[in-house]
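Structure file model35.txt (compact mmCIF, C-alpha atoms and all ligand atoms) follows.
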```txt
# COMPACT_ATOMS: atom_id res chain seq x y z
CA MET A 1 -2.85 -8.70 14.39
CA LEU A 2 -1.15 -6.99 17.32
CA LYS A 3 -1.43 -10.19 19.29
CA HIS A 4 0.29 -12.13 16.52
CA THR A 5 3.09 -9.61 16.37
CA LEU A 6 3.66 -9.81 20.09
CA VAL A 7 3.76 -13.56 20.07
CA THR A 8 6.20 -13.64 17.21
CA SER A 9 8.52 -11.19 18.93
CA ALA A 10 8.28 -13.26 22.09
CA PHE A 11 9.43 -16.24 20.07
CA LEU A 12 12.35 -14.36 18.55
CA LEU A 13 13.28 -12.90 21.91
CA ALA A 14 13.21 -16.33 23.51
CA ALA A 15 15.36 -17.65 20.68
CA CYS A 16 17.90 -14.86 21.22
CA GLN A 17 18.01 -15.18 24.97
CA ALA A 18 18.01 -18.89 25.43
CA ALA A 19 20.18 -20.02 22.56
CA PRO A 20 23.64 -20.81 23.85
CA VAL A 21 26.74 -20.98 21.76
CA ALA A 22 27.07 -24.46 20.37
CA THR A 23 30.43 -26.04 20.93
CA GLY A 24 31.83 -26.13 17.43
CA GLN A 25 30.64 -28.44 14.72
CA PRO A 26 28.96 -31.66 15.78
CA PRO A 27 31.29 -34.54 15.24
CA ASN A 28 29.06 -37.13 13.68
CA PRO A 29 28.84 -37.44 9.92
CA GLN A 30 25.77 -39.69 10.18
CA LEU A 31 23.43 -36.71 10.42
CA PRO A 32 21.17 -36.49 7.36
CA SER A 33 22.49 -33.88 4.92
CA SER A 34 19.51 -31.57 5.39
CA MET A 35 19.84 -31.68 9.17
CA ASP A 36 23.48 -30.76 9.56
CA PHE A 37 24.60 -27.59 11.33
CA ALA A 38 25.63 -25.69 8.19
CA ASP A 39 24.82 -22.04 7.55
CA PRO A 40 21.45 -22.47 5.81
CA THR A 41 22.01 -19.46 3.53
CA GLN A 42 25.23 -20.80 2.00
CA ASN A 43 26.01 -23.35 -0.72
CA LEU A 44 22.50 -23.32 -2.09
CA SER A 45 21.67 -24.61 -5.54
CA ILE A 46 18.64 -25.41 -7.65
CA THR A 47 18.16 -29.09 -8.46
CA LYS A 48 16.03 -29.87 -11.49
CA VAL A 49 14.12 -33.11 -11.01
CA ALA A 50 11.84 -33.14 -14.09
CA PRO A 51 10.78 -30.63 -16.72
CA GLY A 52 9.27 -27.74 -14.77
CA LEU A 53 9.95 -29.25 -11.34
CA SER A 54 12.91 -28.20 -9.21
CA TYR A 55 13.88 -27.41 -5.63
CA VAL A 56 16.37 -25.63 -3.44
CA MET A 57 17.50 -28.00 -0.74
CA GLY A 58 17.28 -26.58 2.76
CA ARG A 59 20.19 -27.03 5.18
CA ASN A 60 20.22 -27.11 8.97
CA VAL A 61 16.55 -27.94 9.53
CA SER A 62 15.35 -25.37 6.99
CA SER A 63 12.78 -26.82 4.63
CA ASN A 64 13.34 -27.19 0.91
CA THR A 65 11.65 -24.70 -1.39
CA ILE A 66 10.06 -26.69 -4.22
CA VAL A 67 9.04 -25.03 -7.49
CA LEU A 68 6.62 -26.18 -10.18
CA ASP A 69 6.64 -23.98 -13.28
CA THR A 70 3.31 -23.32 -14.94
CA PRO A 71 2.15 -20.86 -17.62
CA GLN A 72 0.28 -19.02 -14.83
CA GLY A 73 3.41 -18.59 -12.69
CA ALA A 74 5.25 -20.80 -10.24
CA VAL A 75 3.63 -23.05 -7.68
CA ILE A 76 5.84 -22.92 -4.60
CA ILE A 77 5.68 -25.80 -2.14
CA ASP A 78 7.05 -24.84 1.28
CA THR A 79 9.20 -21.77 1.84
CA SER A 80 11.90 -22.67 4.39
CA ARG A 81 12.70 -20.65 7.52
CA PRO A 82 14.47 -17.33 7.97
CA PRO A 83 17.14 -16.56 6.99
CA ALA A 84 17.18 -19.43 4.46
CA SER A 85 13.73 -18.51 3.14
CA LYS A 86 15.06 -15.20 1.80
CA ALA A 87 18.18 -16.85 0.37
CA HIS A 88 16.04 -19.48 -1.42
CA PHE A 89 13.71 -16.74 -2.70
CA ASP A 90 16.60 -14.62 -3.99
CA LEU A 91 18.26 -17.56 -5.72
CA LEU A 92 15.02 -18.54 -7.45
CA GLN A 93 14.28 -14.93 -8.44
CA LYS A 94 17.72 -14.70 -10.02
CA ASN A 95 16.89 -17.84 -11.96
CA GLY A 96 13.69 -16.49 -13.42
CA VAL A 97 11.05 -17.42 -10.85
CA THR A 98 9.57 -13.93 -10.74
CA LYS A 99 5.85 -14.65 -10.64
CA ALA A 100 4.09 -17.07 -8.31
CA ALA A 101 0.51 -18.30 -8.60
CA TYR A 102 0.34 -20.27 -5.35
CA VAL A 103 2.37 -21.11 -2.31
CA ILE A 104 1.25 -24.44 -0.92
CA LEU A 105 2.23 -25.18 2.66
CA THR A 106 2.64 -28.87 3.47
CA HIS A 107 2.02 -27.97 7.14
CA GLY A 108 2.23 -25.13 9.64
CA HIS A 109 5.73 -25.56 11.07
CA GLY A 110 7.97 -22.49 11.09
CA ASP A 111 10.73 -24.12 9.04
CA HIS A 112 8.25 -24.33 6.11
CA THR A 113 6.33 -21.07 6.42
CA GLY A 114 9.11 -18.50 6.90
CA GLY A 115 9.06 -17.20 3.32
CA VAL A 116 5.31 -16.96 2.75
CA VAL A 117 5.29 -13.19 2.86
CA LEU A 118 7.99 -13.00 0.17
CA TRP A 119 6.06 -15.20 -2.24
CA LYS A 120 2.82 -13.38 -1.52
CA GLY A 121 4.66 -10.24 -2.56
CA ILE A 122 4.96 -11.58 -6.10
CA GLY A 123 1.37 -12.67 -6.37
CA ALA A 124 1.07 -16.07 -4.67
CA LYS A 125 -2.14 -17.18 -3.02
CA VAL A 126 -1.56 -19.27 0.10
CA VAL A 127 -3.00 -22.78 0.13
CA ALA A 128 -3.15 -25.06 3.18
CA GLN A 129 -5.19 -27.87 4.64
CA GLU A 130 -8.21 -26.90 6.70
CA SER A 131 -6.64 -27.56 10.13
CA PHE A 132 -3.62 -25.33 9.36
CA SER A 133 -5.11 -22.36 11.23
CA GLU A 134 -6.03 -24.42 14.29
CA PHE A 135 -2.49 -25.81 14.28
CA LEU A 136 -0.99 -22.31 14.15
CA GLY A 137 -3.35 -21.35 16.97
CA TYR A 138 -1.95 -24.16 19.10
CA GLN A 139 1.60 -22.92 18.49
CA ARG A 140 0.54 -19.34 19.18
CA MET A 141 -1.09 -20.30 22.46
CA LEU A 142 2.21 -21.84 23.61
CA ALA A 143 4.57 -19.43 21.88
CA GLY A 144 6.58 -18.68 25.04
CA PHE A 145 7.03 -22.36 25.79
CA PHE A 146 7.94 -23.33 22.23
CA GLY A 147 10.22 -20.31 21.90
CA ARG A 148 12.45 -21.57 24.70
CA ARG A 149 12.20 -25.21 23.71
CA ASN A 150 12.95 -24.61 20.02
CA ALA A 151 15.93 -22.45 20.91
CA ALA A 152 17.37 -25.27 23.02
CA GLN A 153 16.67 -28.06 20.58
CA PHE A 154 17.74 -26.42 17.35
CA GLN A 155 20.71 -24.40 18.63
CA PHE A 156 20.42 -22.09 15.65
CA ALA A 157 22.43 -19.37 17.39
CA GLY A 158 25.66 -21.33 17.38
CA SER A 159 25.20 -22.76 13.94
CA GLY A 160 24.92 -19.80 11.62
CA GLY A 161 21.18 -19.77 11.96
CA ALA A 162 18.46 -17.22 12.47
CA ALA A 163 19.62 -15.87 15.80
CA SER A 164 23.31 -15.86 15.01
CA ALA A 165 25.23 -12.64 14.91
CA ALA A 166 27.46 -14.26 12.30
CA ALA A 167 24.57 -15.02 9.97
CA PRO A 168 23.57 -12.48 7.36
CA ALA A 169 20.99 -10.06 8.70
CA GLN A 170 17.54 -11.12 7.70
CA SER A 171 16.48 -8.74 4.99
CA GLY A 172 13.04 -8.21 3.58
CA PRO A 173 9.86 -8.24 5.59
CA ALA A 174 9.92 -10.14 8.85
CA PRO A 175 7.52 -12.98 8.25
CA ASN A 176 4.81 -13.26 10.83
CA VAL A 177 4.60 -16.99 10.53
CA LEU A 178 2.17 -17.60 13.37
CA GLY A 179 -0.33 -15.18 11.86
CA ILE A 180 -0.50 -16.60 8.32
CA VAL A 181 -4.06 -16.80 7.04
CA PRO A 182 -4.42 -19.11 4.04
CA ASP A 183 -6.39 -17.84 1.05
CA ILE A 184 -7.59 -21.32 0.13
CA THR A 185 -8.14 -24.39 2.32
CA PHE A 186 -9.60 -27.84 1.79
CA ARG A 187 -10.60 -30.82 3.93
CA ASP A 188 -9.80 -34.16 2.25
CA ALA A 189 -8.70 -33.37 -1.29
CA MET A 190 -8.69 -30.56 -3.80
CA ASP A 191 -7.67 -30.06 -7.43
CA LEU A 192 -6.09 -26.88 -8.69
CA ASP A 193 -5.77 -26.05 -12.36
CA VAL A 194 -2.76 -23.78 -12.67
CA GLY A 195 -2.41 -22.53 -16.23
CA GLY A 196 -3.45 -25.95 -17.52
CA VAL A 197 -1.26 -27.92 -15.09
CA LYS A 198 -3.24 -30.13 -12.74
CA VAL A 199 -2.15 -30.02 -9.10
CA GLN A 200 -3.90 -32.30 -6.62
CA LEU A 201 -3.81 -31.84 -2.87
CA LEU A 202 -4.47 -34.65 -0.43
CA HIS A 203 -4.86 -34.43 3.33
CA THR A 204 -2.13 -36.71 4.72
CA PRO A 205 -1.86 -36.16 8.49
CA GLY A 206 1.26 -37.53 10.15
CA GLU A 207 3.88 -35.28 11.69
CA THR A 208 1.11 -32.70 12.09
CA PRO A 209 -2.68 -32.88 11.80
CA ASP A 210 -2.69 -30.39 8.91
CA HIS A 211 -0.16 -32.21 6.72
CA LEU A 212 -0.88 -32.35 3.00
CA THR A 213 0.67 -34.04 -0.02
CA VAL A 214 0.94 -32.31 -3.38
CA TRP A 215 0.49 -34.66 -6.34
CA ILE A 216 1.33 -33.65 -9.91
CA PRO A 217 -0.30 -36.35 -12.07
CA SER A 218 1.48 -35.32 -15.29
CA LEU A 219 4.89 -35.88 -13.66
CA LYS A 220 3.83 -38.62 -11.23
CA ALA A 221 5.48 -36.49 -8.56
CA ALA A 222 4.50 -36.42 -4.87
CA MET A 223 5.61 -33.76 -2.39
CA LEU A 224 4.80 -35.16 1.02
CA GLY A 225 6.22 -32.62 3.46
CA ASP A 226 7.78 -34.07 6.60
CA ASN A 227 5.98 -37.40 6.53
CA PHE A 228 9.13 -38.88 5.04
CA TYR A 229 12.81 -37.96 5.45
CA GLU A 230 16.19 -39.62 5.89
CA SER A 231 15.54 -40.90 9.41
CA PHE A 232 12.94 -42.63 11.52
CA PRO A 233 10.23 -39.99 11.96
CA ASN A 234 10.39 -37.67 14.92
CA MET A 235 7.17 -39.14 16.24
CA TYR A 236 7.76 -37.43 19.53
CA THR A 237 9.77 -34.25 19.32
CA LEU A 238 11.65 -33.27 22.48
CA ARG A 239 10.69 -29.62 22.22
CA GLY A 240 7.16 -30.79 23.00
CA THR A 241 4.22 -31.82 20.86
CA ARG A 242 0.76 -33.21 20.98
CA PRO A 243 0.80 -36.89 20.04
CA ARG A 244 1.85 -37.61 16.48
CA TRP A 245 -0.22 -40.69 15.76
CA PRO A 246 1.63 -43.55 14.09
CA LEU A 247 -1.54 -44.77 12.40
CA ASP A 248 -1.84 -41.36 10.71
CA TYR A 249 1.70 -41.68 9.30
CA ILE A 250 0.94 -45.23 8.13
CA ASN A 251 -2.37 -44.31 6.44
CA SER A 252 -0.81 -41.26 4.82
CA LEU A 253 2.21 -43.18 3.51
CA ASP A 254 -0.24 -45.77 2.14
CA LYS A 255 -2.14 -42.98 0.38
CA VAL A 256 1.07 -41.75 -1.25
CA LEU A 257 2.19 -45.29 -2.14
CA ALA A 258 -1.16 -45.92 -3.86
CA LEU A 259 -0.36 -43.08 -6.27
CA GLU A 260 2.70 -45.06 -7.47
CA PRO A 261 4.92 -41.98 -7.67
CA GLU A 262 8.00 -41.87 -9.87
CA ILE A 263 9.30 -38.75 -8.14
CA VAL A 264 9.11 -37.88 -4.46
CA ILE A 265 10.42 -34.62 -3.08
CA PRO A 266 10.33 -34.52 0.71
CA SER A 267 10.52 -31.15 2.42
CA HIS A 268 13.89 -32.04 3.97
CA GLY A 269 16.62 -33.85 2.08
CA PRO A 270 17.06 -34.80 -1.54
CA ALA A 271 14.46 -35.92 -4.07
CA ILE A 272 13.95 -39.64 -4.61
CA THR A 273 13.32 -40.95 -8.09
CA GLY A 274 12.38 -44.25 -9.71
CA LYS A 275 9.09 -46.01 -9.09
CA ASP A 276 10.60 -49.14 -7.54
CA ASN A 277 13.11 -47.22 -5.45
CA ILE A 278 10.40 -44.96 -4.07
CA LYS A 279 8.12 -47.88 -3.36
CA ALA A 280 10.93 -49.65 -1.50
CA GLN A 281 11.91 -46.60 0.59
CA LEU A 282 8.39 -45.51 1.51
CA THR A 283 7.31 -49.07 2.26
CA ARG A 284 10.34 -49.60 4.49
CA MET A 285 9.51 -46.43 6.45
CA ARG A 286 5.85 -47.43 6.68
CA ASN A 287 6.76 -50.90 7.93
CA ALA A 288 9.26 -49.52 10.41
CA ILE A 289 6.49 -47.38 11.93
CA VAL A 290 4.11 -50.36 11.97
CA TYR A 291 6.80 -52.44 13.68
CA VAL A 292 7.44 -49.91 16.44
CA HIS A 293 3.75 -49.18 16.95
CA ASP A 294 2.84 -52.85 17.26
CA ALA A 295 5.77 -53.57 19.57
CA VAL A 296 4.66 -50.77 21.91
CA LEU A 297 1.08 -52.05 22.00
CA LYS A 298 2.28 -55.59 22.66
CA GLY A 299 4.50 -54.44 25.52
CA MET A 300 1.79 -52.25 27.02
CA ASN A 301 -0.65 -55.13 27.01
CA GLN A 302 1.98 -57.37 28.61
CA GLY A 303 2.34 -54.87 31.44
CA LYS A 304 5.79 -53.56 30.54
CA ASP A 305 6.72 -50.07 31.65
CA VAL A 306 7.71 -47.35 29.24
CA HIS A 307 11.46 -47.32 30.04
CA THR A 308 11.70 -51.07 29.51
CA LEU A 309 10.12 -50.68 26.09
CA MET A 310 12.35 -47.68 25.26
CA ARG A 311 15.34 -49.95 25.86
CA GLU A 312 13.94 -53.11 24.30
CA ILE A 313 12.33 -52.05 21.03
CA LYS A 314 14.83 -52.05 18.16
CA LEU A 315 14.13 -52.22 14.45
CA PRO A 316 15.20 -55.38 12.62
CA PRO A 317 18.07 -54.65 10.17
CA GLU A 318 15.81 -54.75 7.09
CA LEU A 319 13.69 -51.94 8.55
CA ASP A 320 16.54 -49.84 9.93
CA VAL A 321 15.88 -46.38 8.47
CA GLY A 322 18.39 -44.52 10.65
CA GLU A 323 17.92 -42.31 13.69
CA GLY A 324 19.62 -39.07 12.69
CA TYR A 325 16.53 -37.00 13.45
CA GLY A 326 13.75 -39.04 15.07
CA LYS A 327 14.67 -41.74 17.57
CA ILE A 328 12.97 -45.08 18.15
CA SER A 329 13.11 -44.76 21.94
CA TRP A 330 11.42 -41.32 21.91
CA SER A 331 8.79 -42.60 19.52
CA VAL A 332 8.19 -45.58 21.78
CA ARG A 333 7.52 -43.26 24.68
CA GLY A 334 5.51 -40.89 22.47
CA ILE A 335 3.26 -43.75 21.37
CA TYR A 336 2.98 -45.22 24.88
CA GLU A 337 2.08 -41.92 26.51
CA GLY A 338 0.06 -40.80 23.48
CA TYR A 339 -2.24 -43.72 24.17
CA ALA A 340 -2.03 -43.80 27.96
CA GLY A 341 -0.88 -40.43 29.27
CA TRP A 342 1.85 -39.78 31.82
CA PHE A 343 1.03 -41.92 34.87
CA SER A 344 3.30 -44.96 35.03
CA GLY A 345 1.60 -46.86 37.84
CA ASP A 346 4.28 -45.95 40.41
CA ALA A 347 2.16 -44.49 43.24
CA ALA A 348 4.88 -41.92 44.08
CA GLU A 349 4.13 -40.28 40.74
CA MET A 350 0.63 -39.28 41.83
CA PHE A 351 2.05 -36.58 44.09
CA PRO A 352 3.55 -33.22 43.17
CA GLU A 353 6.74 -33.89 45.17
CA GLY A 354 9.17 -35.36 42.65
CA ARG A 355 12.59 -36.99 43.03
CA SER A 356 14.13 -33.67 43.97
CA SER A 357 12.25 -33.79 47.27
CA VAL A 358 14.66 -36.50 48.49
CA SER A 359 17.78 -35.57 46.53
CA PRO A 360 19.31 -33.50 49.37
CA ASP A 361 18.98 -36.58 51.63
CA LEU A 362 20.45 -38.84 48.97
CA VAL A 363 23.43 -36.52 48.55
CA LYS A 364 23.95 -36.43 52.32
CA LEU A 365 23.71 -40.21 52.54
CA ALA A 366 26.25 -40.56 49.75
CA GLY A 367 28.74 -38.52 51.77
CA GLY A 368 28.13 -35.09 50.25
CA PRO A 369 28.32 -33.52 46.79
CA LYS A 370 32.02 -34.35 46.33
CA ALA A 371 31.23 -38.07 46.68
CA ILE A 372 28.47 -37.73 44.08
CA ALA A 373 30.81 -35.85 41.73
CA ASP A 374 33.57 -38.48 42.15
CA GLU A 375 31.10 -41.27 41.42
CA ALA A 376 29.84 -39.42 38.34
CA MET A 377 33.42 -38.99 37.06
CA LYS A 378 34.01 -42.72 37.57
CA LEU A 379 30.91 -43.42 35.50
CA VAL A 380 32.15 -41.07 32.76
CA ALA A 381 35.49 -42.89 32.73
CA ALA A 382 33.66 -46.22 32.46
CA GLY A 383 31.60 -44.95 29.52
CA LYS A 384 28.37 -45.01 31.52
CA LEU A 385 27.49 -41.53 30.37
CA VAL A 386 23.75 -41.49 30.91
CA GLU A 387 24.22 -42.87 34.41
CA ALA A 388 26.81 -40.17 35.05
CA LEU A 389 24.31 -37.55 33.94
CA HIS A 390 21.64 -38.96 36.25
CA MET A 391 24.10 -38.93 39.13
CA THR A 392 24.85 -35.24 38.54
CA SER A 393 21.14 -34.42 38.22
CA ILE A 394 20.59 -35.80 41.71
CA GLY A 395 23.74 -34.00 42.86
CA ILE A 396 22.49 -30.66 41.53
CA GLU A 397 19.06 -31.16 43.04
CA GLY A 398 20.69 -31.94 46.37
CA ALA A 399 23.45 -29.35 46.27
CA PRO A 400 22.65 -26.61 43.73
CA ASP A 401 25.69 -24.79 42.33
CA ASP A 402 28.21 -27.25 43.81
CA LYS A 403 31.31 -26.84 41.62
CA ASP A 404 32.47 -30.46 41.80
CA VAL A 405 29.07 -31.72 40.69
CA LEU A 406 28.92 -29.12 37.92
CA ARG A 407 32.38 -30.09 36.65
CA ALA A 408 31.31 -33.75 36.54
CA ARG A 409 28.16 -32.69 34.73
CA VAL A 410 30.20 -30.81 32.11
CA ALA A 411 32.36 -33.92 31.63
CA ALA A 412 29.28 -36.11 31.19
CA PHE A 413 27.74 -33.72 28.67
CA GLU A 414 30.98 -33.36 26.71
CA ALA A 415 31.30 -37.12 26.36
CA LEU A 416 27.62 -37.47 25.41
CA VAL A 417 27.97 -34.79 22.71
CA LYS A 418 30.93 -36.69 21.24
CA ALA A 419 28.92 -39.92 21.18
CA SER A 420 25.71 -38.51 19.73
CA SER A 421 24.60 -38.87 16.13
CA ASN A 422 21.10 -37.43 16.42
CA ARG A 423 20.38 -33.81 15.50
CA ASN A 424 17.77 -33.20 18.20
CA GLU A 425 19.67 -35.05 20.90
CA LEU A 426 22.76 -32.96 20.10
CA GLY A 427 20.70 -29.81 20.53
CA TRP A 428 19.63 -30.71 24.05
CA LEU A 429 23.07 -32.01 25.02
CA ASN A 430 24.69 -28.77 23.88
CA GLN A 431 22.02 -26.84 25.76
CA GLY A 432 22.70 -28.79 28.97
CA LEU A 433 26.44 -28.37 28.50
CA ALA A 434 26.11 -24.62 28.06
CA GLU A 435 23.92 -24.33 31.15
CA ALA A 436 26.32 -26.34 33.30
CA LYS A 437 29.28 -24.28 32.09
CA LYS A 438 27.41 -21.05 32.79
CA ALA A 439 26.59 -22.22 36.30
CA LEU A 440 30.30 -22.95 36.84
CA GLU A 441 31.36 -19.38 35.99
ZN ZN B 501 10.14 -29.47 8.69
```
So, in terms of structure tokens, how does the structure I just supplied come out?
Ligand SMILES: [Zn+2]
Amino acid sequence: MLKHTLVTSAFLLAACQAAPVATGQPPNPQLPSSMDFADPTQNLSITKVAPGLSYVMGRNVSSNTIVLDTPQGAVIIDTSRPPASKAHFDLLQKNGVTKAAYVILTHGHGDHTGGVVLWKGIGAKVVAQESFSEFLGYQRMLAGFFGRRNAAQFQFAGSGGAASAAAPAQSGPAPNVLGIVPDITFRDAMDLDVGGVKVQLLHTPGETPDHLTVWIPSLKAAMLGDNFYESFPNMYTLRGTRPRWPLDYINSLDKVLALEPEIVIPSHGPAITGKDNIKAQLTRMRNAIVYVHDAVLKGMNQGKDVHTLMREIKLPPELDVGEGYGKISWSVRGIYEGYAGWFSGDAAEMFPEGRSSVSPDLVKLAGGPKAIADEAMKLVAAGKLVEALHMTSIGIEGAPDDKDVLRARVAAFEALVKASSNRNELGWLNQGLAEAKKALE
């Protein structure tokens, strides 16, 4: 237990230390509504989807809290992340959800498990798929790494989130999310009878190996966690992940499609209703994943390198599901390297000396850091923002702390932030911007 506590505090500490102040609100309205930068404790409401089935929609990468009423008490599906988890809990309590029979976790990510302790406090037993504990163990083992990486990617500090001084203090017990021990687990499928309401659980791996889908036969409602949301899936997440296998997503979406749901509530974003509408949306997502997967395999077998495929593979318009959260190019690389690992075939990559070993020479050859900075600024002016960023990366490697290079780097980041419409990309751009500005001070 002590170990768990330490790891959790290390995570929180890392979040507090590393999270920079985000530079105002992100500009792009194309972000999915559940992945905006809003204060996740504000403007919450309960949406009723069917008799006895409702949810509080999470904001700012906090999961929804989904509620099924039964005569035995509520069945809670996912619990959001602090501080939203407490806000969801309080809102539902105020609206009569005062007794819980079960809390079912669609998977072991922190944005879904943050309120478990609250629901346990009013009687809920915790239900998860069998590999949940192994998956938490993996996150625990790398808690220091993920602490820093999550803080950079999600930028909660500057967005009214968990680490923000402006956000309401987290009240109630601090949830030890990496130490959750489920009361009930299952392997492939399990039925629960909750006060006469049948609740079926299916193992549907995808975003994580422990993913499950909750199926309520009487309502024809499926709750499928993060295997579907308003964007191409984040099949490789930049904060770091083991491979998320596309064939798992495809098989799991097929499993859900075979149920012919009339209601789908994902764990992020709004509910989807209507049998035909659901079939169309889930099938489009499934086919988009198939398309990208097959294109990667084809390119790999043709001998194409990963960057070529990252640039080349684009979804046809009829399969375009948006890239507000996951990105095709990251998924391409995730699939490529998931199957083949990191070595590209360039012999220089076999050795521990990376590009930085020649960057000082490159900077000298270019005429010094000022020449690199001038070139980078020209690239910014020409709209070649990624190239400008690369130029400053070499400049920094060659001449650490050079002010001209850092100023060019800030300019490149600022322009990239303005142009971005992806939640995770914005996180890392804001992180890079904050670091460059700090180095300039
Ligand atoms: Zn999630």
What are the closest atom pairs, with distances in Å to one decimal, for each residue of chain A lying within 8 Å of ligand ZN 501 (chain B), using only C-alpha atoms and all ligand atoms, rows by chain and rising residue number, as CSV?
```
residue,atom,partner,partner_atom,distance
A:Val61,CA,B:ZN501,ZN,6.6
A:Ser62,CA,B:ZN501,ZN,6.8
A:Ser63,CA,B:ZN501,ZN,5.5
A:His109,CA,B:ZN501,ZN,6.4
A:Gly110,CA,B:ZN501,ZN,7.7
A:Asp111,CA,B:ZN501,ZN,5.4
A:His112,CA,B:ZN501,ZN,6.1
A:Gly225,CA,B:ZN501,ZN,7.3
A:Asp226,CA,B:ZN501,ZN,5.6
A:Ser267,CA,B:ZN501,ZN,6.5
A:His268,CA,B:ZN501,ZN,6.6
```
Which polymer residues have any atom within 12 Å of an atom of Asp193 in chain A, counting all atoms listed in the file, with same-chain residues fewer than 2 positions away left out, as a ChimeraX atom specification? /A:70-73,75,101-102,190-191,195-201,216-217
Just the selected residues (C-alpha atoms), exported as a tab-separated table (two decimals), in the coordinates of the input, please.
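Okay, out-v5.tsv is ready:
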```tsv
chain	number	residue	atom	x	y	z
A	70	THR	CA	3.31	-23.32	-14.94
A	71	PRO	CA	2.15	-20.86	-17.62
A	72	GLN	CA	0.28	-19.02	-14.83
A	73	GLY	CA	3.41	-18.59	-12.69
A	75	VAL	CA	3.63	-23.05	-7.68
A	101	ALA	CA	0.51	-18.30	-8.60
A	102	TYR	CA	0.34	-20.27	-5.35
A	190	MET	CA	-8.69	-30.56	-3.80
A	191	ASP	CA	-7.67	-30.06	-7.43
A	195	GLY	CA	-2.41	-22.53	-16.23
A	196	GLY	CA	-3.45	-25.95	-17.52
A	197	VAL	CA	-1.26	-27.92	-15.09
A	198	LYS	CA	-3.24	-30.13	-12.74
A	199	VAL	CA	-2.15	-30.02	-9.10
A	200	GLN	CA	-3.90	-32.30	-6.62
A	201	LEU	CA	-3.81	-31.84	-2.87
A	216	ILE	CA	1.33	-33.65	-9.91
A	217	PRO	CA	-0.30	-36.35	-12.07
```
Closest of A:Arg409, A:Lys403, A:Lys125, A:His307 to Ile77 in chain A - atom-to-atom distances counting only C-alpha atoms: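 Ranking A:Arg409, A:Lys403, A:Lys125, A:His307 by distance to Ile77 in chain A, first place goes to A:Lys125.
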Take the point (3.4, -29.8, 2.9) in the file's coordinates, draw a sphere of radius 7 Å around it, and report as a compact mmCIF listing (two decimals) with C-alpha atoms, in the coordinates of the input every protein, DNA or RNA residue with an atom inside or on it, counting only C-alpha atoms.
```
# COMPACT_ATOMS: atom_id res chain seq x y z
CA ILE A 77 5.68 -25.80 -2.14
CA ASP A 78 7.05 -24.84 1.28
CA ILE A 104 1.25 -24.44 -0.92
CA LEU A 105 2.23 -25.18 2.66
CA THR A 106 2.64 -28.87 3.47
CA HIS A 107 2.02 -27.97 7.14
CA HIS A 211 -0.16 -32.21 6.72
CA LEU A 212 -0.88 -32.35 3.00
CA THR A 213 0.67 -34.04 -0.02
CA MET A 223 5.61 -33.76 -2.39
CA LEU A 224 4.80 -35.16 1.02
CA GLY A 225 6.22 -32.62 3.46
```
Protein, DNA and RNA residues within 12 Å of (24.2, -39.8, 16.5), only C-alpha atoms, as a PDB file with C-alpha atoms, keeping the file's coordinate frame:
```
ATOM      1  CA  PRO A  26      28.960 -31.660  15.780  1.00  0.00           C
ATOM      2  CA  PRO A  27      31.290 -34.540  15.240  1.00  0.00           C
ATOM      3  CA  ASN A  28      29.060 -37.130  13.680  1.00  0.00           C
ATOM      4  CA  PRO A  29      28.840 -37.440   9.920  1.00  0.00           C
ATOM      5  CA  GLN A  30      25.770 -39.690  10.180  1.00  0.00           C
ATOM      6  CA  LEU A  31      23.430 -36.710  10.420  1.00  0.00           C
ATOM      7  CA  PRO A  32      21.170 -36.490   7.360  1.00  0.00           C
ATOM      8  CA  MET A  35      19.840 -31.680   9.170  1.00  0.00           C
ATOM      9  CA  ASP A  36      23.480 -30.760   9.560  1.00  0.00           C
ATOM     10  CA  SER A 231      15.540 -40.900   9.410  1.00  0.00           C
ATOM     11  CA  GLY A 322      18.390 -44.520  10.650  1.00  0.00           C
ATOM     12  CA  GLU A 323      17.920 -42.310  13.690  1.00  0.00           C
ATOM     13  CA  GLY A 324      19.620 -39.070  12.690  1.00  0.00           C
ATOM     14  CA  TYR A 325      16.530 -37.000  13.450  1.00  0.00           C
ATOM     15  CA  GLY A 326      13.750 -39.040  15.070  1.00  0.00           C
ATOM     16  CA  LYS A 327      14.670 -41.740  17.570  1.00  0.00           C
ATOM     17  CA  LEU A 416      27.620 -37.470  25.410  1.00  0.00           C
ATOM     18  CA  VAL A 417      27.970 -34.790  22.710  1.00  0.00           C
ATOM     19  CA  LYS A 418      30.930 -36.690  21.240  1.00  0.00           C
ATOM     20  CA  ALA A 419      28.920 -39.920  21.180  1.00  0.00           C
ATOM     21  CA  SER A 420      25.710 -38.510  19.730  1.00  0.00           C
ATOM     22  CA  SER A 421      24.600 -38.870  16.130  1.00  0.00           C
ATOM     23  CA  ASN A 422      21.100 -37.430  16.420  1.00  0.00           C
ATOM     24  CA  ARG A 423      20.380 -33.810  15.500  1.00  0.00           C
ATOM     25  CA  ASN A 424      17.770 -33.200  18.200  1.00  0.00           C
ATOM     26  CA  GLU A 425      19.670 -35.050  20.900  1.00  0.00           C
ATOM     27  CA  LEU A 426      22.760 -32.960  20.100  1.00  0.00           C
ATOM     28  CA  GLY A 427      20.700 -29.810  20.530  1.00  0.00           C
ATOM     29  CA  LEU A 429      23.070 -32.010  25.020  1.00  0.00           C
TER      30      LEU A 429
END
```
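Nearest residue to Thr98 in chain A among A:Ala399, A:Val127, A:Ile313, A:Val67 is A:Val67, counting only C-alpha atoms.
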For CA of Ala74 in chain A and CA of Ala38 in chain A, determine how far apart the two atoms are, in Å to one decimal place.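 CA of Ala74 in chain A sits 27.9 Å away from CA of Ala38 in chain A.
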